[in-house]
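Trainee: final34.pdb is the file, holding PDB, C-alpha atoms (C1' of nucleotides):
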```pdb
ATOM      1  CA  MET A   1      64.157 172.418 125.365
ATOM      2  CA  LYS A   2      67.901 172.916 125.837
ATOM      3  CA  ILE A   3      69.620 176.231 126.313
ATOM      4  CA  GLY A   4      70.859 176.364 122.712
ATOM      5  CA  ASP A   5      67.324 176.157 121.348
ATOM      6  CA  ALA A   6      66.054 178.661 123.856
ATOM      7  CA  ALA A   7      68.886 180.929 122.738
ATOM      8  CA  LYS A   8      67.969 180.549 119.073
ATOM      9  CA  GLN A   9      64.282 181.097 119.675
ATOM     10  CA  SER A  10      64.730 184.094 121.953
ATOM     11  CA  GLY A  11      67.720 185.713 120.354
ATOM     12  CA  VAL A  12      69.496 185.771 123.710
ATOM     13  CA  PRO A  13      72.884 184.001 123.654
ATOM     14  CA  ALA A  14      73.160 180.890 125.828
ATOM     15  CA  LYS A  15      75.957 182.526 127.721
ATOM     16  CA  THR A  16      73.766 185.495 128.481
ATOM     17  CA  ILE A  17      70.867 183.293 129.578
ATOM     18  CA  ARG A  18      73.137 181.663 132.140
ATOM     19  CA  TYR A  19      74.304 185.086 133.168
ATOM     20  CA  TYR A  20      70.731 186.285 133.660
ATOM     21  CA  GLU A  21      70.113 183.264 135.820
ATOM     22  CA  SER A  22      73.243 183.925 137.865
ATOM     23  CA  VAL A  23      72.208 187.486 138.649
ATOM     24  CA  GLY A  24      68.646 186.505 139.441
ATOM     25  CA  LEU A  25      66.930 188.192 136.501
ATOM     26  CA  ILE A  26      65.372 184.867 135.587
ATOM     27  CA  GLU A  27      64.739 181.933 137.874
ATOM     28  CA  ALA A  28      67.124 178.998 137.858
ATOM     29  CA  ALA A  29      65.999 176.688 135.086
ATOM     30  CA  THR A  30      64.864 173.203 135.967
ATOM     31  CA  ARG A  31      67.258 170.494 134.865
ATOM     32  CA  GLN A  32      66.887 167.511 132.609
ATOM     33  CA  ASP A  33      68.151 164.117 133.829
ATOM     34  CA  ASN A  34      71.550 164.800 132.330
ATOM     35  CA  GLY A  35      71.907 168.090 134.189
ATOM     36  CA  TYR A  36      71.172 170.260 131.169
ATOM     37  CA  ARG A  37      68.938 173.262 131.737
ATOM     38  CA  ASP A  38      65.395 172.793 130.491
ATOM     39  CA  TYR A  39      63.348 175.654 129.053
ATOM     40  CA  SER A  40      59.680 176.043 128.205
ATOM     41  CA  GLU A  41      57.927 178.262 125.672
ATOM     42  CA  THR A  42      57.071 180.545 128.564
ATOM     43  CA  ASP A  43      60.748 180.873 129.394
ATOM     44  CA  VAL A  44      61.496 181.776 125.806
ATOM     45  CA  HIS A  45      58.722 184.361 125.934
ATOM     46  CA  THR A  46      60.309 185.847 129.040
ATOM     47  CA  LEU A  47      63.696 185.936 127.362
ATOM     48  CA  ARG A  48      62.245 187.778 124.418
ATOM     49  CA  PHE A  49      60.618 190.243 126.794
ATOM     50  CA  ILE A  50      64.012 190.807 128.382
ATOM     51  CA  SER A  51      65.694 191.113 125.013
ATOM     52  CA  ARG A  52      63.257 193.789 123.850
ATOM     53  CA  ALA A  53      63.539 195.728 127.080
ATOM     54  CA  ARG A  54      67.339 195.633 126.927
ATOM     55  CA  GLY A  55      67.116 196.710 123.309
ATOM     56  CA  LEU A  56      65.290 199.794 124.484
ATOM     57  CA  GLY A  57      68.174 200.490 126.802
ATOM     58  CA  PHE A  58      66.566 199.557 130.096
ATOM     59  CA  THR A  59      69.071 198.420 132.701
ATOM     60  CA  VAL A  60      68.869 194.871 133.973
ATOM     61  CA  LYS A  61      67.480 196.270 137.213
ATOM     62  CA  ASP A  62      64.756 198.086 135.295
ATOM     63  CA  VAL A  63      64.017 194.932 133.364
ATOM     64  CA  ALA A  64      63.606 193.018 136.617
ATOM     65  CA  MET A  65      61.088 195.645 137.704
ATOM     66  CA  LEU A  66      59.264 195.562 134.387
ATOM     67  CA  LEU A  67      59.102 191.785 134.510
ATOM     68  CA  ALA A  68      57.682 191.927 138.021
ATOM     69  CA  LEU A  69      55.073 194.429 136.875
ATOM     70  CA  TYR A  70      54.325 192.328 133.835
ATOM     71  CA  ARG A  71      53.614 189.351 136.043
ATOM     72  CA  ASP A  72      51.581 191.333 138.534
ATOM     73  CA  SER A  73      48.124 191.399 136.996
ATOM     74  CA  SER A  74      47.002 193.965 139.565
ATOM     75  CA  ARG A  75      49.743 196.426 138.604
ATOM     76  CA  ALA A  76      49.022 200.073 137.948
ATOM     77  CA  SER A  77      50.034 201.178 134.470
ATOM     78  CA  ALA A  78      51.268 204.374 136.129
ATOM     79  CA  ASP A  79      54.119 202.379 137.687
ATOM     80  CA  VAL A  80      55.228 201.060 134.318
ATOM     81  CA  LYS A  81      54.918 204.493 132.782
ATOM     82  CA  ALA A  82      57.079 205.930 135.563
ATOM     83  CA  VAL A  83      59.881 203.448 134.906
ATOM     84  CA  ALA A  84      59.754 204.232 131.202
ATOM     85  CA  ALA A  85      59.620 207.983 131.776
ATOM     86  CA  ARG A  86      62.635 207.892 134.064
ATOM     87  CA  HIS A  87      64.447 205.970 131.393
ATOM     88  CA  VAL A  88      63.580 208.513 128.718
ATOM     89  CA  ASP A  89      64.974 211.221 130.984
ATOM     90  CA  ARG A  90      68.250 209.354 131.252
ATOM     91  CA  ILE A  91      68.328 208.917 127.500
ATOM     92  CA  ASP A  92      67.668 212.611 126.958
ATOM     93  CA  GLU A  93      70.553 213.500 129.242
ATOM     94  CA  LYS A  94      72.825 211.142 127.409
ATOM     95  CA  ILE A  95      71.801 212.517 124.033
ATOM     96  CA  ALA A  96      72.380 216.070 125.176
ATOM     97  CA  GLU A  97      75.807 215.155 126.466
ATOM     98  CA  LEU A  98      76.741 213.437 123.226
ATOM     99  CA  GLN A  99      75.455 216.274 121.105
ATOM    100  CA  SER A 100      77.491 218.756 123.071
ATOM    101  CA  MET A 101      80.599 216.662 122.532
ATOM    102  CA  ARG A 102      79.750 216.293 118.902
ATOM    103  CA  GLN A 103      79.365 219.991 118.375
ATOM    104  CA  THR A 104      82.666 220.806 120.031
ATOM    105  CA  LEU A 105      84.436 218.119 118.051
ATOM    106  CA  LEU A 106      82.979 219.190 114.744
ATOM    107  CA  HIS A 107      83.956 222.735 115.482
ATOM    108  CA  LEU A 108      87.544 221.694 116.129
ATOM    109  CA  ILE A 109      87.698 219.284 113.219
ATOM    110  CA  ASP A 110      86.433 221.985 110.934
ATOM    111  CA  ARG A 111      89.351 224.182 111.902
ATOM    112  CA  CYS A 112      91.971 221.475 111.470
ATOM    113  CA  HIS A 113      93.781 221.394 108.144
ATOM    114  CA  GLY A 114      94.138 217.650 108.272
ATOM    115  CA  ASP A 115      97.335 217.603 106.240
ATOM    116  CA  ASP A 116     101.010 216.873 106.866
ATOM    117  CA  ARG A 117     101.595 219.964 108.919
ATOM    118  CA  PRO A 118     101.744 219.555 112.721
ATOM    119  CA  ASP A 119      99.665 222.649 113.427
ATOM    120  CA  CYS A 120      96.389 221.428 114.922
ATOM    121  CA  PRO A 121      93.591 223.271 116.730
ATOM    122  CA  ILE A 122      92.249 220.013 118.155
ATOM    123  CA  LEU A 123      95.403 219.418 120.136
ATOM    124  CA  ALA A 124      95.649 223.105 120.917
ATOM    125  CA  ASP A 125      92.205 223.033 122.478
ATOM    126  CA  LEU A 126      92.935 219.936 124.504
ATOM    127  CA  ALA A 127      96.112 221.615 125.662
ATOM    128  CA  GLY A 128      94.048 224.475 127.020
ATOM    129  CA  ALA A 129      94.024 227.083 124.282
ATOM    130  CA  ARG A 130      90.652 228.683 123.687
ATOM    131  CA  VAL A 131      89.626 228.262 120.115
ATOM    132  CA  SER A 132      87.710 231.073 118.474
ATOM    133  CA  ALA A 133      84.010 230.485 117.889
TER
ATOM    134  CA  MET B   1     103.621 218.946 144.507
ATOM    135  CA  LYS B   2     101.674 216.119 146.097
ATOM    136  CA  ILE B   3      98.910 214.184 144.406
ATOM    137  CA  GLY B   4      96.159 216.040 146.243
ATOM    138  CA  ASP B   5      97.344 219.370 144.892
ATOM    139  CA  ALA B   6      97.768 217.972 141.408
ATOM    140  CA  ALA B   7      94.221 216.675 141.694
ATOM    141  CA  LYS B   8      92.888 220.076 142.728
ATOM    142  CA  GLN B   9      94.760 221.927 140.019
ATOM    143  CA  SER B  10      93.863 219.512 137.258
ATOM    144  CA  GLY B  11      90.363 218.555 138.285
ATOM    145  CA  VAL B  12      91.309 214.880 138.072
ATOM    146  CA  PRO B  13      90.669 212.988 141.336
ATOM    147  CA  ALA B  14      93.768 211.603 143.062
ATOM    148  CA  LYS B  15      92.324 208.146 142.780
ATOM    149  CA  THR B  16      91.953 208.579 139.044
ATOM    150  CA  ILE B  17      95.488 209.922 138.677
ATOM    151  CA  ARG B  18      96.818 206.758 140.301
ATOM    152  CA  TYR B  19      94.568 204.766 138.010
ATOM    153  CA  TYR B  20      95.920 206.536 134.920
ATOM    154  CA  GLU B  21      99.406 205.730 136.113
ATOM    155  CA  SER B  22      98.488 202.078 136.664
ATOM    156  CA  VAL B  23      97.182 201.664 133.134
ATOM    157  CA  GLY B  24     100.115 203.519 131.614
ATOM    158  CA  LEU B  25      98.271 206.582 130.384
ATOM    159  CA  ILE B  26     100.706 208.734 132.334
ATOM    160  CA  GLU B  27     104.214 207.834 133.376
ATOM    161  CA  ALA B  28     104.872 206.693 136.922
ATOM    162  CA  ALA B  29     105.385 209.832 138.982
ATOM    163  CA  THR B  30     108.737 210.388 140.635
ATOM    164  CA  ARG B  31     108.629 210.058 144.407
ATOM    165  CA  GLN B  32     109.519 212.405 147.225
ATOM    166  CA  ASP B  33     111.758 211.141 150.038
ATOM    167  CA  ASN B  34     108.721 209.944 151.957
ATOM    168  CA  GLY B  35     107.428 207.901 149.053
ATOM    169  CA  TYR B  36     104.715 210.371 148.058
ATOM    170  CA  ARG B  37     104.208 210.932 144.359
ATOM    171  CA  ASP B  38     105.634 214.225 143.140
ATOM    172  CA  TYR B  39     104.016 216.235 140.340
ATOM    173  CA  SER B  40     105.207 219.184 138.285
ATOM    174  CA  GLU B  41     103.252 221.900 136.513
ATOM    175  CA  THR B  42     103.832 219.973 133.316
ATOM    176  CA  ASP B  43     102.194 216.933 134.851
ATOM    177  CA  VAL B  44      99.192 219.019 135.828
ATOM    178  CA  HIS B  45      99.027 220.353 132.296
ATOM    179  CA  THR B  46      98.993 216.788 130.995
ATOM    180  CA  LEU B  47      96.245 215.829 133.417
ATOM    181  CA  ARG B  48      94.164 218.740 132.217
ATOM    182  CA  PHE B  49      94.736 217.656 128.634
ATOM    183  CA  ILE B  50      93.519 214.208 129.585
ATOM    184  CA  SER B  51      90.561 215.590 131.466
ATOM    185  CA  ARG B  52      89.415 217.651 128.474
ATOM    186  CA  ALA B  53      89.836 214.777 126.069
ATOM    187  CA  ARG B  54      87.887 212.450 128.345
ATOM    188  CA  GLY B  55      85.266 215.158 128.659
ATOM    189  CA  LEU B  56      84.865 215.012 124.904
ATOM    190  CA  GLY B  57      84.239 211.314 125.234
ATOM    191  CA  PHE B  58      87.542 210.027 123.874
ATOM    192  CA  THR B  59      88.459 206.615 125.237
ATOM    193  CA  VAL B  60      91.571 206.304 127.341
ATOM    194  CA  LYS B  61      93.216 204.565 124.393
ATOM    195  CA  ASP B  62      92.354 207.493 122.146
ATOM    196  CA  VAL B  63      93.672 209.867 124.764
ATOM    197  CA  ALA B  64      96.930 207.957 124.848
ATOM    198  CA  MET B  65      97.150 208.394 121.090
ATOM    199  CA  LEU B  66      96.275 212.081 121.260
ATOM    200  CA  LEU B  67      98.866 212.635 123.960
ATOM    201  CA  ALA B  68     101.481 210.896 121.842
ATOM    202  CA  LEU B  69     100.548 213.092 118.888
ATOM    203  CA  TYR B  70     100.592 216.156 121.107
ATOM    204  CA  ARG B  71     104.132 215.372 122.167
ATOM    205  CA  ASP B  72     105.290 214.538 118.688
ATOM    206  CA  SER B  73     106.162 217.889 117.203
ATOM    207  CA  SER B  74     106.523 216.323 113.772
ATOM    208  CA  ARG B  75     102.986 214.929 113.802
ATOM    209  CA  ALA B  76     100.631 215.377 110.879
ATOM    210  CA  SER B  77      97.449 217.176 111.812
ATOM    211  CA  ALA B  78      95.672 214.670 109.557
ATOM    212  CA  ASP B  79      96.376 211.956 112.122
ATOM    213  CA  VAL B  80      94.765 213.953 114.880
ATOM    214  CA  LYS B  81      91.849 214.799 112.670
ATOM    215  CA  ALA B  82      91.380 211.122 111.863
ATOM    216  CA  VAL B  83      91.172 210.175 115.523
ATOM    217  CA  ALA B  84      88.634 212.915 116.149
ATOM    218  CA  ALA B  85      86.601 212.026 113.063
ATOM    219  CA  ARG B  86      86.407 208.370 114.058
ATOM    220  CA  HIS B  87      85.225 209.485 117.429
ATOM    221  CA  VAL B  88      82.511 211.672 115.959
ATOM    222  CA  ASP B  89      81.334 208.690 113.944
ATOM    223  CA  ARG B  90      81.015 206.630 117.107
ATOM    224  CA  ILE B  91      79.128 209.453 118.771
ATOM    225  CA  ASP B  92      76.772 209.748 115.818
ATOM    226  CA  GLU B  93      76.021 206.048 115.996
ATOM    227  CA  LYS B  94      75.360 206.283 119.684
ATOM    228  CA  ILE B  95      73.061 209.278 119.248
ATOM    229  CA  ALA B  96      71.124 207.518 116.503
ATOM    230  CA  GLU B  97      70.697 204.475 118.700
ATOM    231  CA  LEU B  98      69.508 206.531 121.630
ATOM    232  CA  GLN B  99      67.123 208.538 119.499
ATOM    233  CA  SER B 100      65.596 205.391 118.133
ATOM    234  CA  MET B 101      65.051 204.082 121.657
ATOM    235  CA  ARG B 102      63.678 207.403 122.701
ATOM    236  CA  GLN B 103      61.189 207.517 119.877
ATOM    237  CA  THR B 104      59.896 204.030 120.579
ATOM    238  CA  LEU B 105      59.618 204.750 124.279
ATOM    239  CA  LEU B 106      57.802 208.025 123.788
ATOM    240  CA  HIS B 107      55.416 206.342 121.423
ATOM    241  CA  LEU B 108      54.623 203.686 124.003
ATOM    242  CA  ILE B 109      54.447 206.102 126.896
ATOM    243  CA  ASP B 110      52.062 208.256 124.949
ATOM    244  CA  ARG B 111      49.709 205.324 124.613
ATOM    245  CA  CYS B 112      49.852 204.331 128.275
ATOM    246  CA  HIS B 113      47.086 205.662 130.489
ATOM    247  CA  GLY B 114      49.380 205.891 133.489
ATOM    248  CA  ASP B 115      46.645 205.359 135.999
ATOM    249  CA  ASP B 116      45.568 202.633 138.436
ATOM    250  CA  ARG B 117      44.454 200.252 135.722
ATOM    251  CA  PRO B 118      46.785 197.372 134.807
ATOM    252  CA  ASP B 119      46.247 197.763 131.075
ATOM    253  CA  CYS B 120      49.593 198.935 129.635
ATOM    254  CA  PRO B 121      50.857 199.111 126.048
ATOM    255  CA  ILE B 122      54.437 199.387 127.239
ATOM    256  CA  LEU B 123      54.332 195.930 128.779
ATOM    257  CA  ALA B 124      52.247 194.669 125.888
ATOM    258  CA  ASP B 125      54.945 195.736 123.471
ATOM    259  CA  LEU B 126      57.740 194.182 125.501
ATOM    260  CA  ALA B 127      55.656 191.018 125.626
ATOM    261  CA  GLY B 128      55.627 190.945 121.857
ATOM    262  CA  ALA B 129      52.408 192.654 120.807
ATOM    263  CA  ARG B 130      52.762 195.018 117.894
ATOM    264  CA  VAL B 131      51.543 198.443 118.860
ATOM    265  CA  SER B 132      49.777 200.473 116.222
ATOM    266  CA  ALA B 133      51.694 203.358 114.791
TER
ATOM    267  C1'  DC C   1      83.711 153.879 118.029
ATOM    268  C1'  DT C   2      84.891 158.193 117.067
ATOM    269  C1'  DT C   3      84.029 162.842 115.929
ATOM    270  C1'  DG C   4      82.106 167.114 116.712
ATOM    271  C1'  DA C   5      78.595 169.822 118.608
ATOM    272  C1'  DT C   6      76.563 171.157 122.866
ATOM    273  C1'  DC C   7      76.216 171.143 127.464
ATOM    274  C1'  DT C   8      78.281 171.943 132.326
ATOM    275  C1'  DT C   9      81.123 174.927 135.778
ATOM    276  C1'  DC C  10      84.350 178.329 136.948
ATOM    277  C1'  DC C  11      87.597 182.035 136.242
ATOM    278  C1'  DA C  12      89.110 186.145 133.956
ATOM    279  C1'  DG C  13      88.715 190.253 131.166
ATOM    280  C1'  DT C  14      86.293 194.362 129.303
ATOM    281  C1'  DG C  15      86.234 200.226 130.399
ATOM    282  C1'  DA C  16      87.007 203.607 133.459
ATOM    283  C1'  DC C  17      86.869 204.269 137.357
ATOM    284  C1'  DT C  18      85.325 204.250 142.583
ATOM    285  C1'  DG C  19      85.079 202.659 147.440
ATOM    286  C1'  DG C  20      87.141 200.876 151.286
ATOM    287  C1'  DA C  21      90.539 198.749 154.435
ATOM    288  C1'  DA C  22      95.018 198.854 156.690
ATOM    289  C1'  DG C  23      98.835 201.290 157.635
ATOM    290  C1'  DC C  24     102.493 205.164 157.202
ATOM    291  C1'  DC C  25     103.553 210.243 157.273
ATOM    292  C1'  DC C  26     103.065 214.988 158.569
ATOM    293  C1'  DT C  27     101.323 218.977 160.998
ATOM    294  C1'  DA C  28      98.851 221.454 164.508
ATOM    295  C1'  DT C  29      97.190 221.957 168.901
ATOM    296  C1'  DA C  30      96.424 220.992 174.027
TER
ATOM    297  C1'  DT D   1     104.984 215.457 174.184
ATOM    298  C1'  DA D   2     101.003 213.065 173.112
ATOM    299  C1'  DT D   3      97.422 212.838 170.112
ATOM    300  C1'  DA D   4      94.115 213.867 166.651
ATOM    301  C1'  DG D   5      93.241 214.842 161.970
ATOM    302  C1'  DG D   6      94.175 214.714 157.360
ATOM    303  C1'  DG D   7      96.588 213.044 153.416
ATOM    304  C1'  DC D   8      99.434 209.678 151.538
ATOM    305  C1'  DT D   9     100.554 204.589 150.362
ATOM    306  C1'  DT D  10      99.090 199.805 148.616
ATOM    307  C1'  DC D  11      95.894 196.355 147.362
ATOM    308  C1'  DC D  12      91.437 194.231 146.758
ATOM    309  C1'  DA D  13      86.675 194.441 145.469
ATOM    310  C1'  DG D  14      82.685 196.281 143.158
ATOM    311  C1'  DT D  15      80.310 198.605 139.336
ATOM    312  C1'  DC D  16      77.518 197.129 134.548
ATOM    313  C1'  DA D  17      76.338 193.687 131.345
ATOM    314  C1'  DC D  18      78.150 190.690 129.416
ATOM    315  C1'  DT D  19      81.870 187.764 126.773
ATOM    316  C1'  DG D  20      85.773 184.552 126.141
ATOM    317  C1'  DG D  21      87.992 180.562 127.265
ATOM    318  C1'  DA D  22      89.427 176.283 129.639
ATOM    319  C1'  DA D  23      88.382 171.668 131.266
ATOM    320  C1'  DG D  24      85.380 168.163 131.350
ATOM    321  C1'  DA D  25      80.667 165.596 130.648
ATOM    322  C1'  DT D  26      77.066 164.328 127.359
ATOM    323  C1'  DC D  27      74.825 163.366 123.195
ATOM    324  C1'  DA D  28      73.672 162.485 118.147
ATOM    325  C1'  DA D  29      75.354 161.023 113.798
ATOM    326  C1'  DG D  30      78.137 158.362 110.726
TER
END
```
Show how you would write the structure in this file as structure tokens.
Mentor:
Amino acid sequence: MKIGDAAKQSGVPAKTIRYYESVGLIEAATRQDNGYRDYSETDVHTLRFISRARGLGFTVKDVAMLLALYRDSSRASADVKAVAARHVDRIDEKIAELQSMRQTLLHLIDRCHGDDRPDCPILADLAGARVSA
Amino acid sequence: MKIGDAAKQSGVPAKTIRYYESVGLIEAATRQDNGYRDYSETDVHTLRFISRARGLGFTVKDVAMLLALYRDSSRASADVKAVAARHVDRIDEKIAELQSMRQTLLHLIDRCHGDDRPDCPILADLAGARVSA
DNA sequence: CTTGATCTTCCAGTGACTGGAAGCCCTATA
DNA sequence: TATAGGGCTTCCAGTCACTGGAAGATCAAG
């Protein structure tokens, strides 16, 4: 099948499929006589695998590793678990960082009148003033 | 003062200061006779403002807006508040997204033996199998 | 036969830096 | 005075994961 159909069936945009090929995440597709890329059901399956993994926030590098493990029938599940666990750690860090920002922002927003007056604790804080807890 | 000192005093790397200048977030610094960029205390203050805002996750575009508001003594605090509130919304979305990923991952990890056997629900899920709740 | 959709390649832009090369400037020390 | 080092300058490239767009070939339908 052509790239457009593979895109529809996998949910991965044609542009992105070509991109994945260019960075080596998927193998270069075979070509039809007219030069168009040709995809199989297996390829679509792989693309869906990639799409799900990316949806869970795995980096393309991680996805390459997961794909390799997926294809290695003699893999140890511990290796997969390790990749996932590392990823959860990164997510936890990110969440903590965002929540800290959020808290500070809400604190400042709460103290800001939000009217026509120029007086604003948000700007004051950014300018270096310590705002009371 | 030279860029290295401005960097030390503001916490913004010299490289990043030049970058901010290149994208117009800060004005082009005046130059000393030898061509070196020259910074004032006010410039350092601005860099610290930027550094704090970036630390709260504001985009450079948002920071540009906040700086403009900061300098506009006739600003309405409502405008500042709006920028901050929009930002909190973005953060909330991001947190929700990450927490959803996290939950799915933890669920899968929990079900993975993590031993030498190849059997792995994480890969099974990525491959399209529905994992029991 | 033409129209429009889809395919091809290649280049550029996103956001916010960061690294590195090549070369100038300044200061301190042998 | 020569030199060694550090910091300064510019510019280009790389990061990450795409995404947009241009120019041109191909194909299916009317």
Trainee: Can you list what the PyMOL selection byres ((chain B) within 6 of (chain A)) grabs from this structure, as number ranges by chain?
Mentor: B: 49, 52, 56, 74-78, 81, 95, 101, 114-118, 120, 126-127
Trainee: Grab the CA of Lys15 (chain A) to CA of Arg31 (chain A) distance for me, in Å with one decimal place.
Mentor: 16.5 Å
Trainee: Distance limit 10 Å, atoms considered: only C-alpha atoms (C1' of nucleotides). Which chain B residues sit that close to chain D? Return them as an mmCIF file with C-alpha atoms, in the frame of the given file.
Mentor:
```
data_model
loop_
_atom_site.group_PDB
_atom_site.id
_atom_site.type_symbol
_atom_site.label_atom_id
_atom_site.label_comp_id
_atom_site.auth_asym_id
_atom_site.auth_seq_id
_atom_site.Cartn_x
_atom_site.Cartn_y
_atom_site.Cartn_z
ATOM 1 C CA LYS B 2 101.674 216.119 146.097
ATOM 2 C CA ILE B 3 98.910 214.184 144.406
ATOM 3 C CA GLY B 4 96.159 216.040 146.243
ATOM 4 C CA ASN B 34 108.721 209.944 151.957
ATOM 5 C CA GLY B 35 107.428 207.901 149.053
ATOM 6 C CA TYR B 36 104.715 210.371 148.058
ATOM 7 C CA ARG B 37 104.208 210.932 144.359
#
```
Trainee: When the PyMOL selection byres ((chain C) within 9 of (chain A)) is applied to the structure above, which residues does it catch, written out as a ChimeraX atom specification?
Mentor: /C:6-8
Trainee: Mind giving me the straight-line distance from C1' of DC25 (chain C) to CA of Gln9 (chain B) in Å, one decimal?
Mentor: 22.6 Å
Trainee: Mind giving me the straight-line distance from CA of Met1 (chain A) to CA of Tyr19 (chain A) in Å, one decimal?
Mentor: 18.0 Å
